[in-house]
file upload02.tsv (TSV, C-alpha atoms and all ligand atoms)
chain	number	residue	atom	x	y	z
P	249	MET	CA	27.76	86.96	110.44
P	250	GLU	CA	24.12	86.47	111.34
P	251	ILE	CA	22.33	83.15	111.77
P	252	LEU	CA	19.15	82.76	109.73
P	253	ASP	CA	16.85	81.34	112.38
P	254	GLY	CA	14.50	79.05	110.48
P	255	LYS	CA	13.11	77.52	113.64
P	256	LYS	CA	11.95	80.89	114.95
P	257	LEU	CA	10.36	81.89	111.65
P	258	ALA	CA	8.70	78.46	111.37
P	259	GLY	CA	7.15	79.06	114.81
P	260	GLU	CA	5.76	82.40	113.62
P	261	ILE	CA	4.33	80.84	110.44
P	262	LYS	CA	2.67	78.03	112.41
P	263	THR	CA	1.16	80.53	114.87
P	264	GLN	CA	-0.35	82.42	111.92
P	265	VAL	CA	-1.62	79.18	110.33
P	266	LYS	CA	-3.22	78.14	113.64
P	267	PHE	CA	-5.02	81.50	113.82
P	268	ASP	CA	-6.16	81.22	110.19
P	269	VAL	CA	-7.31	77.62	110.68
P	270	GLU	CA	-9.42	78.70	113.68
P	271	ASN	CA	-11.11	81.31	111.50
P	272	PHE	CA	-11.53	78.86	108.64
P	273	CYS	CA	-13.15	76.35	110.99
P	274	LYS	CA	-15.90	78.81	111.90
P	275	GLU	CA	-17.48	77.95	108.55
P	276	HIS	CA	-15.76	74.79	107.36
P	277	ARG	CA	-14.44	71.57	108.78
P	278	ALA	CA	-10.76	71.53	109.70
P	279	PRO	CA	-8.30	70.97	106.83
P	280	MET	CA	-6.94	67.45	106.61
P	281	LEU	CA	-3.49	66.36	105.39
P	282	ALA	CA	-2.78	62.77	104.35
P	283	CYS	CA	0.87	61.65	104.47
P	284	ILE	CA	1.71	58.50	102.54
P	285	LEU	CA	4.60	56.71	104.19
P	286	VAL	CA	6.10	53.73	102.41
P	287	GLU	CA	7.95	51.88	105.15
P	288	GLY	CA	11.70	51.23	105.11
P	289	ASP	CA	13.33	54.66	105.43
P	290	LYS	CA	14.11	55.68	109.02
P	291	ALA	CA	14.47	59.38	108.24
P	292	SER	CA	11.06	59.39	106.52
P	293	GLU	CA	9.49	58.02	109.71
P	294	ILE	CA	10.98	60.97	111.62
P	295	TYR	CA	9.86	63.52	109.03
P	296	VAL	CA	6.30	62.20	108.94
P	297	SER	CA	6.08	62.25	112.77
P	298	SER	CA	7.20	65.89	112.81
P	299	LYS	CA	4.59	66.74	110.15
P	300	VAL	CA	1.87	65.09	112.22
P	301	ARG	CA	3.01	67.05	115.30
P	302	ALA	CA	2.92	70.29	113.34
P	303	CYS	CA	-0.63	69.50	112.19
P	304	GLU	CA	-1.64	69.06	115.83
P	305	GLU	CA	-0.05	72.43	116.71
P	306	CYS	CA	-1.94	74.18	113.91
P	307	GLY	CA	-5.37	72.55	114.36
P	308	ILE	CA	-5.01	70.64	111.09
P	309	LEU	CA	-6.22	67.04	110.96
P	310	SER	CA	-3.79	64.43	109.72
P	311	LYS	CA	-3.86	60.87	108.52
P	312	VAL	CA	-0.79	58.71	107.96
P	313	VAL	CA	-1.25	56.05	105.31
P	314	ARG	CA	1.45	53.45	106.04
P	315	LEU	CA	2.28	51.14	103.19
P	316	SER	CA	4.56	48.13	103.17
P	317	SER	CA	8.01	48.55	101.59
P	318	LYS	CA	7.01	45.65	99.30
P	319	ILE	CA	3.98	47.44	97.86
P	320	THR	CA	3.71	47.41	94.05
P	321	GLN	CA	3.47	50.54	91.90
P	322	THR	CA	-0.15	49.67	91.07
P	323	GLU	CA	-1.05	49.29	94.76
P	324	LEU	CA	0.65	52.59	95.62
P	325	GLU	CA	-1.21	54.40	92.86
P	326	LYS	CA	-4.49	52.82	94.03
P	327	ALA	CA	-3.84	54.13	97.55
P	328	ILE	CA	-3.21	57.61	96.11
P	329	ASP	CA	-6.39	57.45	94.07
P	330	ASN	CA	-8.40	56.50	97.17
P	331	LEU	CA	-7.11	59.66	98.86
P	332	ASN	CA	-7.92	61.72	95.76
P	333	LYS	CA	-11.52	60.50	95.98
P	334	ASP	CA	-11.85	60.99	99.74
P	335	ILE	CA	-13.65	64.32	100.23
P	336	ASN	CA	-12.37	64.53	103.81
P	337	ILE	CA	-8.77	64.81	102.59
P	338	ASN	CA	-7.69	68.24	101.37
P	339	ALA	CA	-3.97	67.70	100.90
P	340	ILE	CA	-1.80	64.70	100.00
P	341	LEU	CA	1.93	64.35	100.63
P	342	LEU	CA	3.92	61.41	99.34
P	343	GLN	CA	6.95	61.14	101.62
P	344	LEU	CA	10.12	60.68	99.57
P	345	PRO	CA	12.32	58.80	98.88
P	346	LEU	CA	10.45	55.67	97.82
P	347	PRO	CA	12.09	52.23	97.69
P	348	PRO	CA	14.01	51.83	94.40
P	349	HIS	CA	11.44	49.50	92.80
P	350	LEU	CA	8.82	52.30	92.86
P	351	ASP	CA	8.65	55.17	90.38
P	352	SER	CA	8.18	58.35	92.41
P	353	ASN	CA	7.53	60.55	89.38
P	354	LEU	CA	4.66	58.33	88.19
P	355	ALA	CA	3.26	58.12	91.72
P	356	ILE	CA	3.44	61.88	92.34
P	357	ASN	CA	1.57	62.49	89.11
P	358	LYS	CA	-1.28	60.30	90.35
P	359	ILE	CA	-1.96	62.88	93.08
P	360	SER	CA	-4.80	65.21	92.10
P	361	PRO	CA	-3.21	68.63	91.40
P	362	LEU	CA	-5.97	70.06	93.62
P	363	LYS	CA	-4.56	68.12	96.58
P	364	ASP	CA	-0.86	68.19	95.64
P	365	VAL	CA	0.42	69.97	98.76
P	366	ASP	CA	4.11	69.92	97.80
P	367	CYS	CA	3.32	71.23	94.31
P	368	LEU	CA	5.24	68.44	92.59
P	369	THR	CA	2.81	67.21	89.93
P	370	ASP	CA	3.69	68.18	86.37
P	371	THR	CA	0.55	70.36	86.28
P	372	ASN	CA	1.50	72.34	89.37
P	373	LEU	CA	5.19	72.57	88.48
P	374	GLY	CA	4.12	73.87	85.07
P	375	SER	CA	2.05	76.59	86.76
P	376	LEU	CA	4.94	77.36	89.10
P	377	PHE	CA	7.46	77.70	86.29
P	378	SER	CA	5.10	79.91	84.28
P	379	GLY	CA	4.62	82.09	87.36
P	380	LYS	CA	0.88	81.33	87.71
P	381	ASN	CA	0.77	79.15	90.81
P	382	GLN	CA	0.47	80.62	94.29
P	383	LEU	CA	1.75	77.39	95.79
P	384	ALA	CA	5.36	76.22	95.60
P	385	PRO	CA	7.20	73.16	96.92
P	386	CYS	CA	7.44	73.64	100.68
P	387	THR	CA	11.24	73.73	100.99
P	388	ALA	CA	11.67	76.28	98.20
P	389	GLN	CA	8.91	78.41	99.67
P	390	GLY	CA	10.50	78.23	103.11
P	391	ILE	CA	13.85	79.44	101.75
P	392	MET	CA	12.21	82.44	100.09
P	393	LYS	CA	10.34	83.30	103.29
P	394	LEU	CA	13.59	83.19	105.23
P	395	LEU	CA	15.36	85.52	102.78
P	396	ASN	CA	12.39	87.90	102.90
P	397	LYS	CA	12.16	87.79	106.70
P	398	TYR	CA	15.78	88.95	107.01
P	399	LYS	CA	15.22	91.54	104.23
P	400	ILE	CA	17.99	90.01	102.14
P	401	ALA	CA	18.09	91.68	98.73
P	402	ILE	CA	17.50	89.22	95.89
P	403	GLU	CA	16.85	91.44	92.88
P	404	GLY	CA	19.91	91.77	90.66
P	405	LYS	CA	21.96	89.46	92.89
P	406	ARG	CA	23.92	86.48	91.63
P	407	ALA	CA	22.33	83.32	93.07
P	408	VAL	CA	23.92	79.90	92.68
P	409	VAL	CA	21.95	76.75	93.52
P	410	ILE	CA	23.81	73.45	93.87
P	411	GLY	CA	21.36	70.61	93.17
P	412	ARG	CA	18.72	70.26	90.46
P	413	SER	CA	16.01	68.10	92.04
P	414	LEU	CA	12.42	69.19	91.38
P	415	LEU	CA	11.81	69.04	95.14
P	416	VAL	CA	14.50	71.59	96.01
P	417	GLY	CA	17.08	72.77	93.47
P	418	LYS	CA	14.92	73.47	90.42
P	419	SER	CA	12.01	74.91	92.37
P	420	VAL	CA	14.10	77.29	94.50
P	421	SER	CA	16.00	78.36	91.36
P	422	CYS	CA	12.68	79.22	89.77
P	423	LEU	CA	11.53	81.30	92.76
P	424	LEU	CA	14.88	83.12	92.94
P	425	GLU	CA	14.69	83.92	89.22
P	426	GLN	CA	11.10	85.15	89.67
P	427	SER	CA	12.46	87.47	92.37
P	428	ASN	CA	14.87	88.84	89.74
P	429	ALA	CA	18.09	87.14	90.85
P	430	THR	CA	20.46	85.95	88.14
P	431	VAL	CA	20.48	82.22	88.80
P	432	THR	CA	23.00	79.49	87.97
P	433	ILE	CA	22.14	75.84	88.69
P	434	CYS	CA	25.01	73.45	89.41
P	435	HIS	CA	24.96	69.65	89.69
P	436	SER	CA	27.22	66.62	89.82
P	437	LYS	CA	28.45	67.14	86.26
P	438	THR	CA	29.30	70.83	86.77
P	439	GLN	CA	32.96	71.57	86.10
P	440	ASN	CA	34.94	74.00	88.27
P	441	LEU	CA	32.15	74.20	90.84
P	442	LYS	CA	34.20	76.41	93.16
P	443	SER	CA	34.79	79.04	90.47
P	444	ILE	CA	31.01	79.35	90.03
P	445	THR	CA	30.01	79.32	93.70
P	446	LYS	CA	32.69	81.90	94.52
P	447	ASP	CA	30.69	84.41	92.48
P	448	ALA	CA	27.47	83.79	94.42
P	449	ASP	CA	25.90	86.54	96.51
P	450	ILE	CA	23.32	83.92	97.54
P	451	LEU	CA	24.39	80.27	97.62
P	452	VAL	CA	21.75	77.56	98.10
P	453	VAL	CA	23.17	74.10	98.70
P	454	ALA	CA	20.96	71.00	98.22
P	455	ILE	CA	23.31	68.13	97.50
P	456	GLY	CA	23.01	65.52	100.25
P	457	LYS	CA	26.74	65.30	101.11
P	458	ALA	CA	27.75	66.20	104.65
P	459	LYS	CA	29.99	69.27	105.02
P	460	MET	CA	30.99	69.26	101.34
P	461	ILE	CA	30.93	73.05	101.01
P	462	THR	CA	33.92	74.63	102.70
P	463	THR	CA	35.30	78.14	102.82
P	464	GLU	CA	36.97	77.96	99.39
P	465	PHE	CA	33.52	77.66	97.74
P	466	ILE	CA	32.28	80.87	99.36
P	467	LYS	CA	32.47	84.52	98.34
P	468	GLU	CA	33.24	86.90	101.21
P	469	GLY	CA	29.93	88.21	102.58
P	470	ALA	CA	27.73	85.65	100.80
P	471	VAL	CA	24.34	84.50	102.08
P	472	VAL	CA	24.51	80.71	102.52
P	473	ILE	CA	21.39	78.54	102.66
P	474	ASP	CA	22.12	74.94	103.61
P	475	VAL	CA	19.27	72.58	102.68
P	476	GLY	CA	21.16	69.35	103.29
P	477	ILE	CA	20.17	66.90	106.01
P	478	ASN	CA	22.76	64.16	106.44
P	479	ARG	CA	22.55	61.69	109.31
P	480	GLU	CA	25.86	60.26	110.49
P	481	SER	CA	26.41	58.35	113.75
P	482	GLY	CA	23.22	59.71	115.26
P	483	LYS	CA	24.04	63.34	114.40
P	484	ILE	CA	22.66	65.64	111.72
P	485	TYR	CA	24.97	67.60	109.40
P	486	GLY	CA	24.23	70.00	106.59
P	487	ASP	CA	25.93	70.05	103.20
P	488	VAL	CA	27.90	73.09	104.35
P	489	ASP	CA	30.80	72.85	106.78
P	490	PHE	CA	29.19	75.40	109.12
P	491	GLU	CA	32.14	75.98	111.48
P	492	ASN	CA	34.56	76.37	108.57
P	493	VAL	CA	32.38	78.73	106.57
P	494	LYS	CA	30.47	80.83	109.11
P	495	GLU	CA	32.95	83.69	109.52
P	496	LYS	CA	33.19	84.25	105.78
P	497	CYS	CA	29.48	84.79	105.10
P	498	SER	CA	27.05	87.54	106.02
P	499	TYR	CA	24.18	85.16	106.78
P	500	ILE	CA	24.00	81.39	107.16
P	501	THR	CA	21.36	78.79	108.06
P	502	PRO	CA	22.23	76.28	110.78
P	503	VAL	CA	21.50	72.55	110.44
P	504	PRO	CA	19.34	71.62	112.27
P	505	GLY	CA	17.16	74.66	112.87
P	506	GLY	CA	17.42	76.31	109.46
P	507	VAL	CA	15.50	75.19	106.39
P	508	GLY	CA	14.03	71.96	107.85
P	509	PRO	CA	11.48	73.55	110.23
P	510	LEU	CA	10.42	75.95	107.46
P	511	THR	CA	9.60	73.05	105.16
P	512	VAL	CA	7.16	71.72	107.75
P	513	ALA	CA	5.67	75.16	108.48
P	514	CYS	CA	5.11	75.80	104.75
P	515	LEU	CA	3.47	72.38	104.50
P	516	MET	CA	0.93	73.58	107.07
P	517	GLU	CA	0.40	76.80	105.14
P	518	ASN	CA	-0.05	74.93	101.85
P	519	THR	CA	-2.55	72.52	103.43
P	520	LEU	CA	-4.69	75.43	104.54
P	521	LYS	CA	-4.35	77.16	101.15
P	522	LEU	CA	-5.52	74.02	99.33
P	523	SER	CA	-8.50	73.65	101.68
P	524	LYS	CA	-9.51	77.26	101.09
P	525	ARG	CA	-9.14	76.87	97.34
P	526	GLN	CA	-11.22	73.72	97.32
P	527	TYR	CA	-14.08	75.48	99.15
P	528	GLU	CA	-13.79	78.73	97.20
P	529	GLY	CA	-13.62	76.87	93.90
P	530	GLY	CA	-16.43	74.50	94.85
P	531	THR	CA	-14.03	71.61	94.40
P	532	ASN	CA	-13.98	70.22	97.89
P	533	SER	CA	-14.75	66.92	96.27
P	534	TYR	CA	-12.64	64.89	93.87
P	535	THR	CA	-12.24	66.42	90.46
P	536	SER	CA	-10.32	64.53	87.85
P	537	CYS	CA	-7.54	66.69	86.44
F	601	LIG	N1	15.73	70.83	104.89
F	601	LIG	C1	14.69	70.27	104.27
F	601	LIG	O1	13.54	70.51	104.58
F	601	LIG	C2	14.97	69.36	103.13
F	601	LIG	C3	14.00	69.07	102.19
F	601	LIG	C4	14.33	68.25	101.11
F	601	LIG	C5	15.61	67.74	101.01
F	601	LIG	N2	16.51	68.02	101.98
F	601	LIG	C6	17.90	67.55	101.92
F	601	LIG	O2	18.56	68.28	100.88
F	601	LIG	C7	19.53	67.47	100.25
F	601	LIG	C8	19.20	67.41	98.77
F	601	LIG	O3	17.91	66.85	98.60
F	601	LIG	P1	17.32	66.52	97.15
F	601	LIG	O4	16.02	65.84	97.35
F	601	LIG	O5	17.38	67.73	96.29
F	601	LIG	O6	18.43	65.45	96.68
F	601	LIG	P2	18.69	64.76	95.28
F	601	LIG	O7	17.42	64.59	94.52
F	601	LIG	O8	19.53	63.58	95.56
F	601	LIG	O9	19.56	65.84	94.48
F	601	LIG	C9	20.88	66.10	94.83
F	601	LIG	C10	21.48	67.04	93.81
F	601	LIG	O10	22.83	67.28	94.17
F	601	LIG	C11	23.65	67.14	93.02
F	601	LIG	N3	24.98	66.69	93.43
F	601	LIG	C12	25.33	65.51	93.98
F	601	LIG	N4	26.66	65.46	94.18
F	601	LIG	C13	27.15	66.64	93.76
F	601	LIG	C14	28.45	67.19	93.70
F	601	LIG	N5	29.54	66.52	94.13
F	601	LIG	N6	28.60	68.43	93.20
F	601	LIG	C15	27.54	69.14	92.76
F	601	LIG	N7	26.28	68.67	92.79
F	601	LIG	C16	26.10	67.43	93.28
F	601	LIG	C17	22.97	66.11	92.17
F	601	LIG	O11	23.38	66.27	90.81
F	601	LIG	P3	22.81	65.33	89.63
F	601	LIG	O12	21.45	65.86	89.32
F	601	LIG	O13	23.78	65.52	88.54
F	601	LIG	O14	22.76	63.93	90.18
F	601	LIG	C18	21.49	66.47	92.39
F	601	LIG	O15	21.05	67.44	91.48
F	601	LIG	C19	19.48	66.14	100.98
F	601	LIG	O16	20.41	66.15	102.02
F	601	LIG	C20	18.08	66.10	101.57
F	601	LIG	O17	17.99	65.30	102.73
F	601	LIG	C21	16.22	68.83	103.03

call {"tool": "encode", "arguments": {"input": "upload02.tsv", "output": "structure tokens", "more": "lines below"}}
Ligand SMILES: NC(=O)c1ccc[n+]([C@@H]2O[C@H](COP(=O)([O-])OP(=O)(O)OC[C@H]3O[C@@H](n4cnc5c(N)ncnc54)[C@H](OP(=O)(O)O)[C@@H]3O)[C@@H](O)[C@H]2O)c1
result
Amino acid sequence: MEILDGKKLAGEIKTQVKFDVENFCKEHRAPMLACILVEGDKASEIYVSSKVRACEECGILSKVVRLSSKITQTELEKAIDNLNKDININAILLQLPLPPHLDSNLAINKISPLKDVDCLTDTNLGSLFSGKNQLAPCTAQGIMKLLNKYKIAIEGKRAVVIGRSLLVGKSVSCLLEQSNATVTICHSKTQNLKSITKDADILVVAIGKAKMITTEFIKEGAVVIDVGINRESGKIYGDVDFENVKEKCSYITPVPGGVGPLTVACLMENTLKLSKRQYEGGTNSYTSC
């Protein structure tokens, strides 16, 4: 069994982004990422801080737009529109989840597709699913980079993804299919989950339930990618019971230190890509889409 070291790869990606940003800045101002943080979720505070730190490491400017947990949908959308119009902002990230009274799908779709750094607007997801977009949601992109880094064969393999969120499950399924895996998506209504996962050469788990996936879900020699981040009594657990499963698989991601750091590194890469596109396309100002 080999550990898929997401932290190490994330470091390499950030080093490359830093180098590319330095080159970019010879002719343009530094890329700038805006993170919208609606207060009230402790984990979101931690994630946004780590994104700001990564920006500092890579020479990317960042701005955190903090909004009260009591903000209305209209006020949230107004804040997004202000960032769309701000020519100094190249990339916008809406940190999820939002408080239950807010509609995240409506809010995400207020982000200009030109600045949609996590590729979650309907426009950008449409391009992704039709194979036209060069940007993908950061977590899905990070998973693909990890598989490629370790030269894990994807073509012709049976991939099973547990979870069907746009943010993770659906987008990584799409990228796996585009790499010629045969993909099955499972969710909370899937029957006989174990019988499906036991066929998986590559198993991606994005559920949000600590240690749910144990050895009886795993095919001998499978590649296991654990996306889950579950905080319990001050500790972080994945969706996979790592200790229970590790000897049965060929490769496995740890939590922490697996997919999480790659999400942040790909966010840096996407911010730079959007900035370049905006300059190359002459759209480094707000364009209504
Ligand atoms: N590492 C990272 O960078 C990163 C990034 C994003 C998210 N995450 C983590 O990844 C996990 C998933 O995130 P998400 O945003 O995709 O969550 P989500 O939107 O809540 O989706 C969870 C998915 O799991 C499915 N599910 C729930 N219980 C299940 C069960 N017993 N059996 C099979 N499927 C089940 C749900 O099915 P239904 O659709 O039927 O409800 C849903 O599709 C969370 O722990 C989150 O914190 C990590």

call {"tool": "residues_near_ligand", "arguments": {"input": "upload02.tsv", "ligand": "ligand LIG 601 (chain F)", "cutoff": "8 Å", "atoms": "all atoms listed in the file", "output": "PyMOL selection string"}}
result
chain P and resi 386-387+410-417+434-438+441+453-458+460+474-478+486-487+506-512

call {"tool": "residues_around", "arguments": {"input": "upload02.tsv", "residues": "region 291-297 of chain P", "least_positions_apart": "3", "cutoff": "9 Å", "atoms": "only C-alpha atoms", "output": "list in words"}}
result
Cys283, Ile284, Leu285, Val286, Glu287, Gly288, Val300, Arg301, Ala302, Val312, Gln343, Leu344, Pro345, Arg479 and Val512 of chain P

call {"tool": "closest_residue", "arguments": {"input": "upload02.tsv", "among": "P:Asn396, P:Asn336, P:Asp289, P:Met516", "to": "Lys311 (chain P)", "atoms": "all atoms listed in the file"}}
result
P:Asn336

call {"tool": "residues_around", "arguments": {"input": "upload02.tsv", "residues": "region 264-268 of chain P", "least_positions_apart": "4", "cutoff": "9 Å", "atoms": "only C-alpha atoms", "output": "count of residues only"}}
result
12

call {"tool": "atom_distance", "arguments": {"input": "upload02.tsv", "atom1": "CA of Asp334 (chain P)", "atom2": "CA of Pro347 (chain P)"}}
result
25.6 Å

call {"tool": "atom_distance", "arguments": {"input": "upload02.tsv", "atom1": "CA of Pro385 (chain P)", "atom2": "CA of Cys367 (chain P)"}}
result
5.1 Å

call {"tool": "residues_around", "arguments": {"input": "upload02.tsv", "residues": "Thr322 (chain P)", "least_positions_apart": "6", "cutoff": "12 Å", "atoms": "all atoms listed in the file", "output": "list in words"}}
result
Ile328, Asp329, His349, Leu350, Asp351, Leu354, Ala355 and Lys358 of chain P

call {"tool": "atom_distance", "arguments": {"input": "upload02.tsv", "atom1": "CA of Gly254 (chain P)", "atom2": "CA of Lys467 (chain P)"}}
result
22.4 Å

call {"tool": "residues_around", "arguments": {"input": "upload02.tsv", "residues": "Leu341 (chain P)", "least_positions_apart": "3", "cutoff": "8 Å", "atoms": "only C-alpha atoms", "output": "number ranges by chain"}}
result
P: 281-284, 364-366

call {"tool": "decode", "arguments": {"input": "upload02.tsv", "residues": "region 429-452 of chain P", "atoms": "N, CA and C atoms", "output": "short mmCIF file (atom, residue, chain, number, x, y, z; two decimals), in the first residue's frame"}}
result
data_model
loop_
_atom_site.label_atom_id
_atom_site.label_comp_id
_atom_site.auth_asym_id
_atom_site.auth_seq_id
_atom_site.Cartn_x
_atom_site.Cartn_y
_atom_site.Cartn_z
N ALA P 429 -12.54 6.31 -17.77
CA ALA P 429 -12.96 5.30 -16.78
C ALA P 429 -14.44 4.98 -17.03
N THR P 430 -14.87 3.84 -16.53
CA THR P 430 -16.30 3.53 -16.54
C THR P 430 -16.81 3.88 -15.16
N VAL P 431 -17.69 4.89 -15.10
CA VAL P 431 -17.98 5.51 -13.79
C VAL P 431 -19.39 5.18 -13.30
N THR P 432 -19.49 4.84 -12.04
CA THR P 432 -20.79 4.67 -11.37
C THR P 432 -20.86 5.69 -10.24
N ILE P 433 -21.98 6.42 -10.17
CA ILE P 433 -22.17 7.38 -9.07
C ILE P 433 -23.16 6.79 -8.07
N CYS P 434 -22.78 6.78 -6.80
CA CYS P 434 -23.67 6.29 -5.74
C CYS P 434 -24.06 7.44 -4.82
N HIS P 435 -25.15 7.27 -4.10
CA HIS P 435 -25.66 8.32 -3.21
C HIS P 435 -26.48 7.69 -2.09
N SER P 436 -27.18 8.53 -1.34
CA SER P 436 -27.84 7.99 -0.14
C SER P 436 -28.99 7.04 -0.47
N LYS P 437 -29.48 7.08 -1.68
CA LYS P 437 -30.59 6.18 -2.06
C LYS P 437 -30.08 4.92 -2.79
N THR P 438 -28.78 4.80 -2.95
CA THR P 438 -28.22 3.63 -3.63
C THR P 438 -28.46 2.37 -2.79
N GLN P 439 -28.92 1.32 -3.46
CA GLN P 439 -29.13 0.06 -2.74
C GLN P 439 -27.90 -0.83 -2.92
N ASN P 440 -27.61 -1.63 -1.94
CA ASN P 440 -26.47 -2.56 -1.98
C ASN P 440 -25.16 -1.85 -2.33
N LEU P 441 -24.92 -0.76 -1.62
CA LEU P 441 -23.72 0.07 -1.88
C LEU P 441 -22.44 -0.77 -1.92
N LYS P 442 -22.31 -1.66 -0.95
CA LYS P 442 -21.08 -2.47 -0.85
C LYS P 442 -20.85 -3.29 -2.11
N SER P 443 -21.94 -3.85 -2.67
CA SER P 443 -21.77 -4.71 -3.86
C SER P 443 -21.26 -3.89 -5.04
N ILE P 444 -21.55 -2.60 -5.05
CA ILE P 444 -21.08 -1.74 -6.15
C ILE P 444 -19.63 -1.31 -5.89
N THR P 445 -19.37 -0.86 -4.66
CA THR P 445 -18.02 -0.36 -4.37
C THR P 445 -16.98 -1.48 -4.44
N LYS P 446 -17.42 -2.70 -4.18
CA LYS P 446 -16.47 -3.84 -4.19
C LYS P 446 -15.96 -4.17 -5.59
N ASP P 447 -16.57 -3.53 -6.58
CA ASP P 447 -16.13 -3.72 -7.97
C ASP P 447 -15.18 -2.60 -8.41
N ALA P 448 -14.97 -1.62 -7.53
CA ALA P 448 -14.26 -0.41 -7.96
C ALA P 448 -12.74 -0.59 -7.96
N ASP P 449 -12.13 -0.29 -9.12
CA ASP P 449 -10.67 -0.19 -9.16
C ASP P 449 -10.24 1.13 -8.51
N ILE P 450 -11.06 2.17 -8.76
CA ILE P 450 -10.82 3.48 -8.14
C ILE P 450 -12.09 3.86 -7.38
N LEU P 451 -11.96 4.09 -6.09
CA LEU P 451 -13.13 4.47 -5.28
C LEU P 451 -12.93 5.87 -4.72
N VAL P 452 -13.83 6.79 -5.10
CA VAL P 452 -13.76 8.16 -4.58
C VAL P 452 -14.92 8.33 -3.60
#
